[in-house]
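Participant: Have a look at this one.
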Amino acid sequence: MRVYVPVTLSGLAEAHRTGELGTGPLVAYAVTPALREWYLSDDIEELEYAALNRAALASLRLLAADAGAPRRRVVVAADVSDGAASAAPDRGADPAALGEVRLAGPLRLAKAASVHVDSADAEADVTAAAEALAAADGGDDDARFVVDGAEDHELLWYATQEIPNLVEPGQ
(Lines give C-alpha, C1' and ligand atoms only; values in the text may rest on other atoms or scores of the structure.)
Protein backbone atom coordinates (compact mmCIF):
# COMPACT_ATOMS: atom_id res chain seq x y z
CA MET A 1 0.00 0.00 0.00
CA ARG A 2 1.29 3.46 -0.88
CA VAL A 3 0.96 5.98 1.95
CA TYR A 4 1.60 9.71 1.91
CA VAL A 5 3.10 11.09 5.11
CA PRO A 6 2.82 14.84 5.74
CA VAL A 7 5.92 16.45 7.21
CA THR A 8 7.83 19.71 7.10
CA LEU A 9 11.35 20.29 5.82
CA SER A 10 12.47 20.29 9.47
CA GLY A 11 10.75 16.94 9.98
CA LEU A 12 12.33 15.57 6.82
CA ALA A 13 15.76 16.72 8.04
CA GLU A 14 15.17 14.91 11.35
CA ALA A 15 14.08 11.77 9.49
CA HIS A 16 17.20 11.99 7.33
CA ARG A 17 19.31 12.22 10.47
CA THR A 18 17.58 9.36 12.36
CA GLY A 19 16.45 7.18 9.45
CA GLU A 20 12.83 7.24 10.65
CA LEU A 21 9.75 9.40 10.17
CA GLY A 22 8.04 10.07 13.49
CA THR A 23 7.80 7.87 16.53
CA GLY A 24 4.29 6.45 16.02
CA PRO A 25 1.47 6.38 15.78
CA LEU A 26 1.98 8.24 12.54
CA VAL A 27 -0.77 9.91 10.52
CA ALA A 28 -0.60 9.32 6.78
CA TYR A 29 -2.97 9.35 3.81
CA ALA A 30 -3.80 6.56 1.39
CA VAL A 31 -6.45 5.38 -1.01
CA THR A 32 -9.09 4.23 1.49
CA PRO A 33 -12.66 3.11 0.82
CA ALA A 34 -13.92 6.49 2.11
CA LEU A 35 -11.57 8.35 -0.25
CA ARG A 36 -12.71 6.18 -3.16
CA GLU A 37 -16.35 6.92 -2.36
CA TRP A 38 -15.72 10.65 -1.98
CA TYR A 39 -13.60 10.98 -5.13
CA LEU A 40 -15.85 8.80 -7.29
CA SER A 41 -13.10 7.40 -9.46
CA ASP A 42 -11.68 3.98 -10.21
CA ASP A 43 -8.46 5.44 -11.66
CA ILE A 44 -5.77 4.55 -9.11
CA GLU A 45 -3.49 7.39 -10.27
CA GLU A 46 -6.26 9.95 -9.67
CA LEU A 47 -7.01 8.42 -6.28
CA GLU A 48 -3.35 8.48 -5.26
CA TYR A 49 -3.12 12.10 -6.39
CA ALA A 50 -6.13 12.87 -4.18
CA ALA A 51 -4.42 11.15 -1.23
CA LEU A 52 -1.22 13.13 -1.94
CA ASN A 53 -3.22 16.37 -1.90
CA ARG A 54 -4.85 15.40 1.42
CA ALA A 55 -1.35 14.88 2.83
CA ALA A 56 -0.23 18.26 1.41
CA LEU A 57 -3.08 19.93 3.32
CA ALA A 58 -2.00 18.08 6.46
CA SER A 59 1.56 19.34 5.88
CA LEU A 60 0.14 22.86 5.68
CA ARG A 61 -1.46 22.25 9.09
CA LEU A 62 1.93 21.22 10.46
CA LEU A 63 3.41 24.46 9.10
CA ALA A 64 0.62 26.48 10.73
CA ALA A 65 1.59 24.90 14.07
CA ASP A 66 5.35 25.43 13.61
CA ALA A 67 6.23 29.04 12.81
CA GLY A 68 9.94 28.18 12.61
CA ALA A 69 9.64 25.57 9.85
CA PRO A 70 10.54 26.60 6.29
CA ARG A 71 7.31 27.48 4.47
CA ARG A 72 7.13 24.56 2.06
CA ARG A 73 4.71 21.65 2.20
CA VAL A 74 6.43 18.26 2.23
CA VAL A 75 4.95 14.80 1.67
CA VAL A 76 6.88 11.54 1.80
CA ALA A 77 5.42 8.72 -0.30
CA ALA A 78 6.22 5.25 1.03
CA ASP A 79 5.18 1.68 0.43
CA VAL A 80 4.04 -0.31 3.46
CA SER A 81 2.31 -3.65 3.89
CA ASP A 82 -1.49 -3.47 3.79
CA GLY A 83 -1.68 -4.44 7.46
CA ALA A 84 0.69 -1.65 8.53
CA ALA A 85 -1.86 1.11 7.92
CA SER A 86 -5.34 1.27 9.38
CA ALA A 87 -8.13 3.80 8.98
CA ALA A 88 -9.47 5.29 12.20
CA PRO A 89 -12.94 3.69 12.43
CA ASP A 90 -14.37 6.59 14.44
CA ARG A 91 -13.29 9.13 11.79
CA GLY A 92 -14.24 7.26 8.61
CA ALA A 93 -17.19 9.52 7.74
CA ASP A 94 -15.49 12.77 8.83
CA PRO A 95 -14.75 14.80 5.65
CA ALA A 96 -11.57 16.15 7.28
CA ALA A 97 -10.28 12.58 7.67
CA LEU A 98 -10.82 11.33 4.11
CA GLY A 99 -7.93 9.06 3.22
CA GLU A 100 -6.41 9.32 6.68
CA VAL A 101 -4.68 6.21 8.01
CA ARG A 102 -2.51 5.49 11.02
CA LEU A 103 0.78 3.68 11.09
CA ALA A 104 1.37 2.01 14.45
CA GLY A 105 5.05 2.86 14.68
CA PRO A 106 7.71 4.95 13.04
CA LEU A 107 8.28 4.60 9.31
CA ARG A 108 11.80 3.82 8.19
CA LEU A 109 12.90 6.42 5.67
CA ALA A 110 14.36 3.56 3.62
CA LYS A 111 10.75 2.60 2.73
CA ALA A 112 10.22 5.98 1.06
CA ALA A 113 9.56 5.85 -2.66
CA SER A 114 9.72 9.60 -3.27
CA VAL A 115 9.44 13.00 -1.65
CA HIS A 116 7.14 15.80 -2.81
CA VAL A 117 8.03 19.40 -1.90
CA ASP A 118 6.85 22.88 -2.81
CA SER A 119 9.19 24.92 -4.98
CA ALA A 120 10.68 28.13 -3.62
CA ASP A 121 8.21 30.23 -5.61
CA ALA A 122 5.34 28.73 -3.56
CA GLU A 123 6.68 29.99 -0.22
CA ALA A 124 4.72 33.27 -0.16
CA ASP A 125 1.42 31.52 -0.92
CA VAL A 126 2.16 28.70 1.53
CA THR A 127 3.02 31.24 4.25
CA ALA A 128 -0.22 33.13 3.65
CA ALA A 129 -2.20 29.86 3.61
CA ALA A 130 -0.69 28.68 6.90
CA GLU A 131 -1.62 32.00 8.48
CA ALA A 132 -5.19 31.85 7.10
CA LEU A 133 -5.86 28.20 7.91
CA ALA A 134 -7.59 28.73 11.26
CA ALA A 135 -9.92 31.35 9.81
CA ALA A 136 -10.65 29.10 6.81
CA ASP A 137 -11.51 26.24 9.17
CA GLY A 138 -13.86 28.64 10.93
CA GLY A 139 -15.78 29.27 7.71
CA ASP A 140 -14.16 32.48 6.45
CA ASP A 141 -14.52 32.37 2.65
CA ASP A 142 -11.71 34.89 2.05
CA ALA A 143 -9.35 32.79 4.17
CA ARG A 144 -10.45 29.65 2.28
CA PHE A 145 -9.48 31.40 -0.96
CA VAL A 146 -6.00 32.09 0.49
CA VAL A 147 -5.62 28.44 1.55
CA ASP A 148 -6.69 27.33 -1.92
CA GLY A 149 -3.91 29.55 -3.31
CA ALA A 150 -1.33 27.20 -1.82
CA GLU A 151 -3.11 24.24 -3.39
CA ASP A 152 -2.62 25.87 -6.80
CA HIS A 153 1.08 25.00 -6.50
CA GLU A 154 2.00 21.48 -7.57
CA LEU A 155 4.43 19.68 -5.30
CA LEU A 156 7.68 18.80 -7.05
CA TRP A 157 8.77 15.16 -7.18
CA TYR A 158 12.16 14.18 -5.77
CA ALA A 159 13.89 10.80 -5.66
CA THR A 160 14.89 9.65 -2.19
CA GLN A 161 18.56 10.09 -3.16
CA GLU A 162 17.86 13.84 -3.34
CA ILE A 163 16.77 14.15 0.30
CA PRO A 164 20.24 15.36 1.43
CA ASN A 165 20.02 18.24 -1.07
CA LEU A 166 16.54 19.16 0.20
CA VAL A 167 17.48 19.25 3.88
CA GLU A 168 21.10 20.43 3.59
CA PRO A 169 21.10 23.03 0.80
CA GLY A 170 24.50 23.70 -0.69
CA GLN A 171 25.67 20.10 -0.49
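Please note that chains go A, B, ... in the order of the C-alpha coordinates, that every chain numbers its residues from 1, and that ligands are numbered from 1 in the order shown.
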Quick check for you: according to DSSP on this backbone, which residues of stretch 7-83 of chain A are classed as strand (DSSP E or B)? Reply as a PyMOL selection string.
Facilitator: chain A and resi 7+20-21+26-29+74-79
Participant: Produce a file of the selected residues containing N, CA and C atoms, as a CSV table (one decimal), in the first residue's frame.
Facilitator:
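Now in out.csv:
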chain,number,residue,atom,x,y,z
A,7,VAL,N,4.9,16.0,6.3
A,7,VAL,CA,5.9,16.5,7.2
A,7,VAL,C,6.3,17.9,6.8
A,20,GLU,N,14.2,7.6,10.4
A,20,GLU,CA,12.8,7.2,10.6
A,20,GLU,C,12.0,8.5,10.6
A,21,LEU,N,10.8,8.3,10.1
A,21,LEU,CA,9.7,9.4,10.2
A,21,LEU,C,8.9,9.2,11.4
A,26,LEU,N,1.7,7.2,13.6
A,26,LEU,CA,2.0,8.2,12.5
A,26,LEU,C,0.8,8.4,11.6
A,27,VAL,N,0.4,9.6,11.4
A,27,VAL,CA,-0.8,9.9,10.5
A,27,VAL,C,-0.3,10.0,9.1
A,28,ALA,N,-0.9,9.3,8.2
A,28,ALA,CA,-0.6,9.3,6.8
A,28,ALA,C,-1.9,9.3,6.0
A,29,TYR,N,-1.8,9.4,4.7
A,29,TYR,CA,-3.0,9.3,3.8
A,29,TYR,C,-2.8,8.3,2.8
A,74,VAL,N,5.6,19.4,2.5
A,74,VAL,CA,6.4,18.3,2.2
A,74,VAL,C,5.6,17.0,2.5
A,75,VAL,N,5.6,16.1,1.5
A,75,VAL,CA,5.0,14.8,1.7
A,75,VAL,C,5.9,13.7,1.3
A,76,VAL,N,6.0,12.7,2.1
A,76,VAL,CA,6.9,11.5,1.8
A,76,VAL,C,6.0,10.4,1.4
A,77,ALA,N,6.2,9.9,0.2
A,77,ALA,CA,5.4,8.7,-0.3
A,77,ALA,C,6.2,7.5,0.0
A,78,ALA,N,5.5,6.5,0.6
A,78,ALA,CA,6.2,5.2,1.0
A,78,ALA,C,5.3,4.1,0.8
A,79,ASP,N,5.9,2.9,0.6
A,79,ASP,CA,5.2,1.7,0.4
A,79,ASP,C,5.3,0.9,1.7
Participant: Neighbouring residues of stretch 55-63 of chain A were defined as those with any atom within 8 Å, considering only C-alpha atoms; residues of the same chain fewer than 4 positions away were excluded. Please report them as a list in words.
Facilitator: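 Listing them by chain and then by number gives Tyr4, Val5, Pro6, Val7, Thr8, Ala28, Tyr29, Ala51, Ala67, Ala69, Pro70, Arg71, Arg72, Arg73, Val74, Val75, Val126, Ala129, Ala130, Leu133 and Glu151 of chain A.
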Participant: Which one is closest to A:Leu47: A:Pro25, A:Ala85, A:Leu9, A:Arg2? Count only C-alpha atoms.
Facilitator: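 Closest candidate: A:Arg2.
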Participant: What does the distance between atom CA of A:Asp118 and atom CA of A:His153 come to in Å, to one decimal place?
Facilitator: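 Separation of atom CA of A:Asp118 and atom CA of A:His153: 7.2 Å.
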Participant: Can you pull out the residues contacting A:Gly83? Cut-off 9 Å, using only C-alpha atoms, and skip same-chain residues under 3 positions away; I want them as a list in words.
Facilitator: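 Near neighbours after the sequence-gap exclusion: Met1, Val80 and Ser86 of chain A.
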Participant: Can you tell me how far atom CA of A:Ala128 sits from atom CA of A:Ala50, in Å to one decimal?
Facilitator: 22.5 Å
Participant: Report as a count of residues only: the residues of chain A with a DSSP assignment of alpha helix (DSSP H), based on the backbone of this structure.
Facilitator: 70
Participant: Counting only C-alpha atoms, figure out which residue out of A:Asn165, A:Thr127, A:Asn53, A:Thr160 gets nearest to A:Ala65.
Facilitator: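 Looking only at the distances to A:Ala65, the closest residue turns out to be A:Thr127.
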Participant: From the set A:Leu166, A:Ala135, A:Val115, A:Ala122, which residue has the shortest atom-to-atom contact distance to A:Ala150, counting only C-alpha atoms?
Facilitator: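 Among A:Leu166, A:Ala135, A:Val115, A:Ala122, it is A:Ala122 that comes nearest to A:Ala150.
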Participant: Tell me which of A:Ala15, A:Ile44, A:Leu156, A:Ala34 sits closest to A:Ser119, counting only C-alpha atoms.
Facilitator: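 The closest residue to A:Ser119 is A:Leu156.
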Participant: Rounded to one decimal place, report the atom CA of A:Val117-atom CA of A:Gly68 distance in Å.
Facilitator: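 Value for the atom CA of A:Val117-atom CA of A:Gly68 distance: 17.1 Å.
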